Amino acid sequence: MQPPVEGGVLAEILDGGQAFRWLRGTDGIWTGVWAGNIARLRQTSASGLQWSAPAALAPAVRAALVHYLNAAPDAGDLADALPWRSDDHLARCMAAFPGLRLLRQPFGETLLCFLCSPTKQIVQIKQMVALLAERHGAPLASEDADARARNDQPARHRLPTWGELARVSESALRACRLGFRAGHIHRTAQFLADRPGWMEHTETAPYAEARERLCLLPGVGEKVADCVLLFGAGRLEAFPVDVWILRAMSRHYHLSGWKPAQIAQFGRAHFGRFAGLAQQYLFAWERQNRV
DNA sequence: TGACAGGGGGTGT
DNA sequence: ACACCCCCTGTC
C-alpha cells in the first residue's frame with residue numbers, strides 16, 4: 001500500500017475527529033471497524049504503514065482499506081490544489097501535518113457518529129458508538145471465535161444499520177450514554193424507516209441539495225450535515241464550522257464575530273473546491289495548539 | 001480513593 | 001439567549 005502518512009499524522013487521521021471507531025493498543029497498533037471490515041494498522045517507519053486483517057477477509061479488507069484511507073497514489077494532488085501558495089497560515093498547517101487526508105467512511109455510519117457528537121469530545125463519542133455497536137450491532141462475521149475465546153476478548157460488532165436502529169427503543173438508546181442525543185437518533189431512525197431510498201438519494205444528490213436534506217433530520221444542523229458529507233460522502237466542498245474552526249478563522253483570518261454560516265461561506269469561497277480538506281488542516285493545527 | 005463541580009467539536013425553541 | 005443529558009476531567 002502507498003505509504004499514506006508521516007510521523008504522528010496517522011493518529012490525527014484515525015483519531016482526530018473524523019472517525020470514532022479506531023482504538024490504539026498499548027503496542028501502538030490501531031484497530032478499526034467500518035461496515036463489515038476490521039483492520040489493524042501499524043506505523044513501521046516515518047512514512048511506512050503496515051496493515052493486517054482476519055485471513056478470511058484479507059483480500060476484501062485490502063480493497064476496502066485503500067478506499068477508506070483515500071490512499072490512491074494521486075491523493076496528494078488534492079492538497080496541492082489548495083491555495084497554500086497565497087495563504088501563509090494554510091501553508092503552515094499543511095507543513096505541520098504532511099499527508100493528512102480525509103477518510104471515506106460509510107455514509108450511514110457517519111451520520112450516526114455525528115448525531116452523537118454535539119457538545120461531546122472525541123473520547124466520549126467513541127464510548128457512545130462503542131456501546132451502540134456492542135449492544136445493537138451485528139457481530140463481525142470474519143472474526144475467529146476460537147481465537148477470541150483464547151484471548152478472552154469480546155466479539156467485535158459493526159455499528160447498527162438505520163434499519164436496526166428503527167427497532168431500538170429510545171430508552172435502550174439512552175442506556176448507551178447518549179443523553180439527549182438518544183431522541184435525535186431515535187427520531188431519525190423512524191424518519192428513515194418511513195422513507196425507503198432516502199439515504200441513497202441524499203448520498204448521491206448535489207452538495208447543496210444533500211445538505212438541505214440532511215438538515216431535515218432531527219439533531220442535524222449545518223455543522224453535522226457538513227461533517228457527514230465531508231467524511232461520509234467525499235464531498236470536499238463541505239466546510240464544517242465548529243468551535244475550533246471559529247477560533248481558527250478568528251485568530252488567523254481576522255474574522256472574529258462572524259457567524260458560523262458566514263464562516264462556512266467564506267471558507268468555501270476562499271479555499272475553493274476542496275475547502276473541506278483545508279478545514280481539516282486548520283482544525284488539526286488549532287487542536288494541536290489549543291490553549 | 002472518592003466526592004464534587006464545571007463544561008463540552010451543536011441543535012432547536 | 002438558554003435548555004437539552006450526563007459523562008469525562010480536573011481538583012480538592
# chains A, B, ... in the order shown; residues from 1 in each chain; ligands from 1
call {"tool": "interface_residues", "arguments": {"of": "chain B", "to": "chain A", "cutoff": "6 Å", "atoms": "only C-alpha atoms (C1' of nucleotides)", "output": "list in words"}}
result
DG8, DG9, DG10 and DT11 of chain B
call {"tool": "residues_around", "arguments": {"residues": "region 3-11 of chain C", "least_positions_apart": "5", "cutoff": "10 Å", "atoms": "only C-alpha atoms (C1' of nucleotides)", "output": "list in words"}}
result
Lys120, Gln121, Val123, Gln124, Gln127, Arg174, Arg177, Leu178, Gly179, Phe180, Arg181 and Ala182 of chain A; DC4, DA5, DG6, DG7, DG8, DT11, DG12 and DT13 of chain B
call {"tool": "closest_residue", "arguments": {"among": "A:Glu286, A:Asp74, A:Gly183, A:Leu214", "to": "chain C", "atoms": "only C-alpha atoms (C1' of nucleotides)"}}
result
A:Gly183
call {"tool": "select_by_dssp", "arguments": {"residues": "region 161-215 of chain A", "states": "alpha helix (DSSP H)", "output": "ChimeraX atom specification"}}
result
/A:162-165,170-173,181-193,198-204,207-214
call {"tool": "closest_residue", "arguments": {"among": "A:Phe191, A:Ala81, A:Leu132, A:Trp285", "to": "Ala95 (chain A)", "atoms": "only C-alpha atoms"}}
result
A:Trp285
call {"tool": "atom_distance", "arguments": {"atom1": "CA of Asp80 (chain A)", "atom2": "CA of Ala269 (chain A)"}}
result
17.1 Å
call {"tool": "atom_distance", "arguments": {"atom1": "CA of Trp51 (chain A)", "atom2": "CA of His67 (chain A)"}}
result
13.8 Å
call {"tool": "decode", "arguments": {"residues": "region 193-234 of chain A", "atoms": "C-alpha atoms", "output": "compact mmCIF listing (two decimals), in the first residue's frame"}}
result
# COMPACT_ATOMS: atom_id res chain seq x y z
CA ALA A 193 -37.74 3.86 8.15
CA ASP A 194 -40.71 5.71 6.66
CA ARG A 195 -38.72 6.74 3.58
CA PRO A 196 -37.02 3.89 1.72
CA GLY A 197 -34.20 5.12 -0.53
CA TRP A 198 -33.98 8.49 1.22
CA MET A 199 -30.38 7.97 2.33
CA GLU A 200 -29.24 6.68 -1.05
CA HIS A 201 -30.78 9.68 -2.79
CA THR A 202 -29.18 12.03 -0.28
CA GLU A 203 -25.75 10.46 -0.63
CA THR A 204 -25.70 11.00 -4.38
CA ALA A 205 -27.55 14.33 -4.60
CA PRO A 206 -25.63 17.54 -5.42
CA TYR A 207 -23.95 19.10 -2.38
CA ALA A 208 -26.47 21.89 -1.70
CA GLU A 209 -29.44 19.55 -2.00
CA ALA A 210 -27.80 16.82 0.08
CA ARG A 211 -27.05 19.35 2.82
CA GLU A 212 -30.63 20.63 2.87
CA ARG A 213 -31.98 17.11 3.05
CA LEU A 214 -29.70 16.14 5.95
CA CYS A 215 -30.77 19.24 7.86
CA LEU A 216 -34.34 17.89 7.82
CA LEU A 217 -33.25 15.13 10.20
CA PRO A 218 -33.78 15.74 13.93
CA GLY A 219 -30.48 16.63 15.52
CA VAL A 220 -28.79 17.50 12.25
CA GLY A 221 -27.85 21.13 11.72
CA GLU A 222 -25.45 22.69 9.24
CA LYS A 223 -22.30 21.59 11.07
CA VAL A 224 -23.30 17.95 11.42
CA ALA A 225 -24.60 17.87 7.84
CA ASP A 226 -21.25 19.13 6.55
CA CYS A 227 -19.33 16.56 8.62
CA VAL A 228 -21.47 13.73 7.24
CA LEU A 229 -20.96 14.92 3.67
CA LEU A 230 -17.23 15.54 4.10
CA PHE A 231 -16.27 12.39 5.99
CA GLY A 232 -19.02 10.07 4.75
CA ALA A 233 -19.68 11.10 1.16
CA GLY A 234 -16.43 12.51 -0.15
